[in-house]
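Structure first, commentary second.
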Amino acid sequence: MKMKSNAFLGEVANLKENKFFRDIWLVCILKIFGITCRNGILESKDSWRNFFKTPIIFLYLSFVYSLLCLLRDFSKLSKQIVSEVASQSLSILLWHQFRMNSWHLWNFLVHLEKITRVVKSYTYQEKRFLNAMIAIVAVSPMMLSIILLAFNGFEHSKSFIKFWLLGHTFDEHPVLESVLIFFGIMVYYSLKFMIMSLLSVVYIAFSSKLSRAIKIQSENLETSFHSQSFHDQVNVYHQIIQCCILFSNAIKVSIFLILCLVFSAIYNALELSLRYTGFAVLPTLGESVILFIYCGTVFTYLISSVSKLPTSMEKAAVLFQNMYSKEILRNEFLNFNPLFIQRLMTVKALSEVKPVYITAWNIIKVDKSLLLNSFGCMLTFGILIMQLRKDDNKV
């Protein structure tokens, strides 16, 4: 990884002082994943020394604690517990996949840096929305812990307490018991959703930036058709398309793992709410509703943002087609000079550029139709669980 980064040393040596890499949100997220940039070199190699850094220690301690909670009693092993273990394991896998493939993201960022400042800058609304998403991701495990503790306060379920305290109770010290449960829930769901959510924020931000860049640059091409800067604008548009391709290649595996995590979490939420198995009633129902809303929101925003990329390219292709037809009709009785014909052929070629789709590991295209298909599957699965519950009650 470090040897590959050295090849880009000449291009990225100035990025450290660039305003683009002063985005606090991006720097913080990369540091959480153990990725740093020193003297223009991306450092994310999994060495023995890196395993003793705070994020990785917290990651593996959270994973061990989650396994102890879920597998404490093998006699109660069920499909739901197996699914929860798979979700926690997917979080670990997503962490290391992002670190090992961070070279692709870095390559994308280097090419993105070549785009003009006007195209790549964030609007005020985008900055506020980005900060709001990061704040929600940061406080969501804490809020979930408080809500579940409040629900359990009405019921005082011993099974709920023993689950989070690994079979122990502290009846003589209720405050200590509540504090330990609070941190246990926060650690458990930080591992389960923090990694997925942070990567979703990064992908939403860059998808919105690229889609807006395509829209702005296609309009610049239309206005500069008869000016001397037309070919420069074409080069910028090609650089944006290249960034879209690099972005698609950098995130396709992560998108696949994120979708697996989301569907697994929604499956567990539906299983908890529609097929109750005797655990604490209020905390279980509250947990299922919150998880369903949270995962559904992350999934919807991620798919909607990522699907803007091919949509913006399709709109740009329509604009170039209209532009080509308009120029042909406007100059049909004039003598075509070679420069005009060259620009006309360039516009025609741009109108035939195929949209770049974000895929889930080259298996499925990530577009808005995936939202409808997914919610249809969830509805079908929910109906199936309710029917199974009715059959169980009859038995």
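As shown in the structure tokens, the chain order sets the letters A, B, ...; within each chain, residues go from 1, and ligands are also counted from 1 in the order they appear.
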Next item on the list: Pick out the residues sitting within 10 Å of A:Ile241, and hand them over as a list in words; count only C-alpha atoms, and ignore anything fewer than 4 positions along from it in its own chain.
Entry: Leu210, Ala213, Ile214, Asn235, Val236, Tyr237, Ile245, Leu246, Phe247, Met313, Val353, Pro355 and Val356 of chain A
Using N, CA, C and O atoms, can you export the residues from the last selection as an mmCIF file, in the first residue's frame?
data_model
loop_
_atom_site.group_PDB
_atom_site.id
_atom_site.type_symbol
_atom_site.label_atom_id
_atom_site.label_comp_id
_atom_site.auth_asym_id
_atom_site.auth_seq_id
_atom_site.Cartn_x
_atom_site.Cartn_y
_atom_site.Cartn_z
ATOM 1 N N LEU A 210 -20.286 14.789 -7.001
ATOM 2 C CA LEU A 210 -20.042 14.413 -8.389
ATOM 3 C C LEU A 210 -21.263 14.680 -9.266
ATOM 4 O O LEU A 210 -21.126 15.147 -10.404
ATOM 5 N N ALA A 213 -21.398 18.271 -9.869
ATOM 6 C CA ALA A 213 -20.316 18.659 -10.768
ATOM 7 C C ALA A 213 -20.686 18.372 -12.227
ATOM 8 O O ALA A 213 -20.407 19.176 -13.125
ATOM 9 N N ILE A 214 -21.325 17.235 -12.470
ATOM 10 C CA ILE A 214 -21.745 16.898 -13.829
ATOM 11 C C ILE A 214 -22.775 17.901 -14.330
ATOM 12 O O ILE A 214 -22.719 18.363 -15.485
ATOM 13 N N ASN A 235 -12.320 19.033 -21.340
ATOM 14 C CA ASN A 235 -11.324 18.306 -20.534
ATOM 15 C C ASN A 235 -11.769 18.174 -19.084
ATOM 16 O O ASN A 235 -11.588 17.104 -18.462
ATOM 17 N N VAL A 236 -12.346 19.239 -18.547
ATOM 18 C CA VAL A 236 -12.845 19.174 -17.173
ATOM 19 C C VAL A 236 -13.970 18.146 -17.069
ATOM 20 O O VAL A 236 -14.028 17.366 -16.105
ATOM 21 N N TYR A 237 -14.859 18.112 -18.061
ATOM 22 C CA TYR A 237 -15.961 17.148 -18.033
ATOM 23 C C TYR A 237 -15.429 15.715 -18.093
ATOM 24 O O TYR A 237 -15.925 14.835 -17.380
ATOM 25 N N ILE A 245 -15.897 7.066 -12.532
ATOM 26 C CA ILE A 245 -15.483 5.678 -12.730
ATOM 27 C C ILE A 245 -14.623 5.203 -11.566
ATOM 28 O O ILE A 245 -14.808 4.093 -11.042
ATOM 29 N N LEU A 246 -13.673 6.041 -11.142
ATOM 30 C CA LEU A 246 -12.820 5.676 -10.010
ATOM 31 C C LEU A 246 -13.635 5.538 -8.729
ATOM 32 O O LEU A 246 -13.388 4.636 -7.917
ATOM 33 N N PHE A 247 -14.605 6.412 -8.553
ATOM 34 C CA PHE A 247 -15.465 6.343 -7.366
ATOM 35 C C PHE A 247 -16.281 5.059 -7.360
ATOM 36 O O PHE A 247 -16.412 4.399 -6.324
ATOM 37 N N MET A 313 -25.852 12.092 -15.268
ATOM 38 C CA MET A 313 -25.193 11.827 -16.542
ATOM 39 C C MET A 313 -26.210 11.637 -17.665
ATOM 40 O O MET A 313 -25.979 12.049 -18.807
ATOM 41 N N VAL A 353 -21.998 9.175 -24.261
ATOM 42 C CA VAL A 353 -21.284 8.608 -23.116
ATOM 43 C C VAL A 353 -22.279 7.869 -22.228
ATOM 44 O O VAL A 353 -23.313 8.412 -21.832
ATOM 45 N N PRO A 355 -23.926 6.252 -18.930
ATOM 46 C CA PRO A 355 -23.902 6.627 -17.504
ATOM 47 C C PRO A 355 -23.064 5.641 -16.682
ATOM 48 O O PRO A 355 -23.016 4.446 -16.976
ATOM 49 N N VAL A 356 -22.420 6.163 -15.668
ATOM 50 C CA VAL A 356 -21.638 5.341 -14.744
ATOM 51 C C VAL A 356 -22.533 4.963 -13.581
ATOM 52 O O VAL A 356 -22.976 5.823 -12.807
#
Notebook entry, point to check: Quick one: DSSP helix (DSSP H, G or I) residues in stretch 104-170 of chain A, as number ranges by chain?
Noted result: A: 104-112, 117-120, 124-155, 158-164
Selection to disk with N, CA and C atoms, as a short mmCIF file (atom, residue, chain, number, x, y, z; two decimals), in the first residue's frame:
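Result file result_3.cif:
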data_model
loop_
_atom_site.label_atom_id
_atom_site.label_comp_id
_atom_site.auth_asym_id
_atom_site.auth_seq_id
_atom_site.Cartn_x
_atom_site.Cartn_y
_atom_site.Cartn_z
N HIS A 104 -7.82 2.76 -3.49
CA HIS A 104 -8.74 3.16 -4.56
C HIS A 104 -9.43 4.48 -4.22
N LEU A 105 -9.81 4.66 -2.96
CA LEU A 105 -10.41 5.93 -2.55
C LEU A 105 -9.41 7.07 -2.67
N TRP A 106 -8.17 6.80 -2.30
CA TRP A 106 -7.14 7.83 -2.41
C TRP A 106 -6.90 8.21 -3.87
N ASN A 107 -6.89 7.24 -4.76
CA ASN A 107 -6.74 7.51 -6.19
C ASN A 107 -7.88 8.38 -6.69
N PHE A 108 -9.09 8.10 -6.22
CA PHE A 108 -10.24 8.93 -6.57
C PHE A 108 -10.08 10.36 -6.06
N LEU A 109 -9.62 10.51 -4.81
CA LEU A 109 -9.46 11.84 -4.23
C LEU A 109 -8.40 12.65 -4.97
N VAL A 110 -7.34 11.98 -5.42
CA VAL A 110 -6.29 12.67 -6.16
C VAL A 110 -6.84 13.20 -7.48
N HIS A 111 -7.62 12.39 -8.18
CA HIS A 111 -8.21 12.85 -9.44
C HIS A 111 -9.28 13.91 -9.21
N LEU A 112 -10.00 13.80 -8.09
CA LEU A 112 -11.00 14.81 -7.77
C LEU A 112 -10.36 16.16 -7.52
N ARG A 117 -12.13 24.48 -8.58
CA ARG A 117 -12.65 24.73 -7.25
C ARG A 117 -14.15 24.98 -7.24
N VAL A 118 -14.65 25.63 -8.27
CA VAL A 118 -16.09 25.92 -8.31
C VAL A 118 -16.90 24.64 -8.38
N VAL A 119 -16.40 23.66 -9.13
CA VAL A 119 -17.14 22.42 -9.32
C VAL A 119 -17.14 21.58 -8.05
N LYS A 120 -16.04 21.55 -7.33
CA LYS A 120 -15.91 20.62 -6.22
C LYS A 120 -16.26 21.20 -4.86
N TYR A 124 -23.59 25.80 1.07
CA TYR A 124 -23.86 25.98 2.50
C TYR A 124 -24.86 24.94 2.99
N GLN A 125 -25.89 24.65 2.18
CA GLN A 125 -26.89 23.66 2.57
C GLN A 125 -26.28 22.27 2.67
N GLU A 126 -25.37 21.94 1.75
CA GLU A 126 -24.71 20.64 1.79
C GLU A 126 -23.85 20.50 3.03
N LYS A 127 -23.15 21.56 3.41
CA LYS A 127 -22.32 21.51 4.61
C LYS A 127 -23.17 21.29 5.86
N ARG A 128 -24.29 21.99 5.93
CA ARG A 128 -25.16 21.83 7.10
C ARG A 128 -25.74 20.41 7.14
N PHE A 129 -26.16 19.90 5.99
CA PHE A 129 -26.73 18.56 5.94
C PHE A 129 -25.67 17.52 6.31
N LEU A 130 -24.45 17.73 5.83
CA LEU A 130 -23.35 16.81 6.13
C LEU A 130 -23.03 16.80 7.62
N ASN A 131 -22.96 17.98 8.22
CA ASN A 131 -22.71 18.07 9.66
C ASN A 131 -23.83 17.43 10.46
N ALA A 132 -25.08 17.61 10.00
CA ALA A 132 -26.22 17.02 10.70
C ALA A 132 -26.16 15.49 10.64
N MET A 133 -25.80 14.93 9.48
CA MET A 133 -25.70 13.48 9.36
C MET A 133 -24.62 12.92 10.27
N ILE A 134 -23.47 13.57 10.32
CA ILE A 134 -22.38 13.09 11.17
C ILE A 134 -22.78 13.18 12.65
N ALA A 135 -23.47 14.25 13.03
CA ALA A 135 -23.92 14.39 14.41
C ALA A 135 -24.91 13.29 14.78
N ILE A 136 -25.83 12.98 13.87
CA ILE A 136 -26.82 11.92 14.13
C ILE A 136 -26.12 10.57 14.27
N VAL A 137 -25.15 10.30 13.40
CA VAL A 137 -24.41 9.04 13.48
C VAL A 137 -23.66 8.94 14.79
N ALA A 138 -23.09 10.05 15.25
CA ALA A 138 -22.29 10.04 16.48
C ALA A 138 -23.14 9.79 17.72
N VAL A 139 -24.33 10.37 17.77
CA VAL A 139 -25.15 10.29 18.99
C VAL A 139 -26.17 9.14 18.95
N SER A 140 -26.33 8.49 17.81
CA SER A 140 -27.38 7.46 17.70
C SER A 140 -27.18 6.29 18.67
N PRO A 141 -25.96 5.74 18.86
CA PRO A 141 -25.82 4.66 19.87
C PRO A 141 -26.16 5.13 21.28
N MET A 142 -25.79 6.36 21.61
CA MET A 142 -26.09 6.90 22.93
C MET A 142 -27.59 7.07 23.12
N MET A 143 -28.28 7.61 22.10
CA MET A 143 -29.72 7.81 22.20
C MET A 143 -30.45 6.47 22.29
N LEU A 144 -29.99 5.49 21.52
CA LEU A 144 -30.61 4.16 21.59
C LEU A 144 -30.44 3.55 22.98
N SER A 145 -29.27 3.74 23.58
CA SER A 145 -29.04 3.23 24.94
C SER A 145 -30.00 3.86 25.93
N ILE A 146 -30.18 5.18 25.84
CA ILE A 146 -31.08 5.88 26.76
C ILE A 146 -32.52 5.41 26.59
N ILE A 147 -32.95 5.25 25.33
CA ILE A 147 -34.33 4.84 25.06
C ILE A 147 -34.60 3.43 25.58
N LEU A 148 -33.66 2.52 25.32
CA LEU A 148 -33.86 1.14 25.78
C LEU A 148 -33.86 1.05 27.30
N LEU A 149 -32.99 1.82 27.95
CA LEU A 149 -32.99 1.83 29.41
C LEU A 149 -34.29 2.41 29.96
N ALA A 150 -34.82 3.44 29.29
CA ALA A 150 -36.08 4.03 29.74
C ALA A 150 -37.22 3.03 29.59
N PHE A 151 -37.25 2.31 28.47
CA PHE A 151 -38.29 1.28 28.28
C PHE A 151 -38.17 0.18 29.33
N ASN A 152 -36.95 -0.23 29.61
CA ASN A 152 -36.78 -1.28 30.61
C ASN A 152 -37.11 -0.80 32.01
N GLY A 153 -37.06 0.51 32.23
CA GLY A 153 -37.44 1.04 33.53
C GLY A 153 -38.89 0.79 33.88
N PHE A 154 -39.76 0.69 32.85
CA PHE A 154 -41.16 0.40 33.10
C PHE A 154 -41.41 -1.08 33.36
N GLU A 155 -40.51 -1.92 32.84
CA GLU A 155 -40.76 -3.35 32.89
C GLU A 155 -39.85 -4.09 33.86
N LYS A 158 -35.51 -8.93 33.91
CA LYS A 158 -34.25 -9.55 34.30
C LYS A 158 -33.52 -10.12 33.08
N SER A 159 -34.26 -10.63 32.11
CA SER A 159 -33.63 -11.17 30.91
C SER A 159 -32.90 -10.09 30.13
N PHE A 160 -33.48 -8.88 30.09
CA PHE A 160 -32.83 -7.74 29.44
C PHE A 160 -31.52 -7.39 30.15
N ILE A 161 -31.57 -7.33 31.48
CA ILE A 161 -30.37 -6.97 32.26
C ILE A 161 -29.29 -8.03 32.11
N LYS A 162 -29.67 -9.29 32.21
CA LYS A 162 -28.68 -10.37 32.11
C LYS A 162 -28.06 -10.45 30.72
N PHE A 163 -28.82 -10.10 29.70
CA PHE A 163 -28.27 -10.14 28.35
C PHE A 163 -27.10 -9.15 28.21
N TRP A 164 -27.30 -7.92 28.69
CA TRP A 164 -26.27 -6.89 28.52
C TRP A 164 -25.16 -6.99 29.55
#
Check: What is the atom CA of A:Gln217-atom CA of A:Glu113 distance in Å, reported with one decimal?
Finding: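 Taking atom CA of A:Gln217 and atom CA of A:Glu113, their separation equals 15.5 Å.
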Margin query: Which residues are near A:Ser83? Cut-off 9 Å, only C-alpha atoms, ignore same chain within fewer than 2 positions. Put them as a ChimeraX atom specification.
Written below: /A:78-81,85-88,264-265,267-268
Kindly export the residues of the current selection with C-alpha atoms, as a PDB file, in the first residue's frame.
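The resulting file, part_12.pdb, is reproduced below:
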ATOM      1  CA  SER A  78     -31.631 -19.289  17.271  1.00  0.00           C
ATOM      2  CA  LYS A  79     -31.666 -17.966  13.717  1.00  0.00           C
ATOM      3  CA  GLN A  80     -31.968 -14.445  15.068  1.00  0.00           C
ATOM      4  CA  ILE A  81     -28.808 -14.805  17.170  1.00  0.00           C
ATOM      5  CA  VAL A  85     -23.452 -12.602  14.892  1.00  0.00           C
ATOM      6  CA  ALA A  86     -23.286 -12.344  11.107  1.00  0.00           C
ATOM      7  CA  SER A  87     -24.092  -8.612  11.304  1.00  0.00           C
ATOM      8  CA  GLN A  88     -21.315  -7.961  13.817  1.00  0.00           C
ATOM      9  CA  SER A 264     -29.605  -8.135   8.089  1.00  0.00           C
ATOM     10  CA  ALA A 265     -30.510  -5.413  10.592  1.00  0.00           C
ATOM     11  CA  TYR A 267     -34.515  -8.690   9.117  1.00  0.00           C
ATOM     12  CA  ASN A 268     -33.676  -8.736  12.830  1.00  0.00           C
TER      13      ASN A 268
END
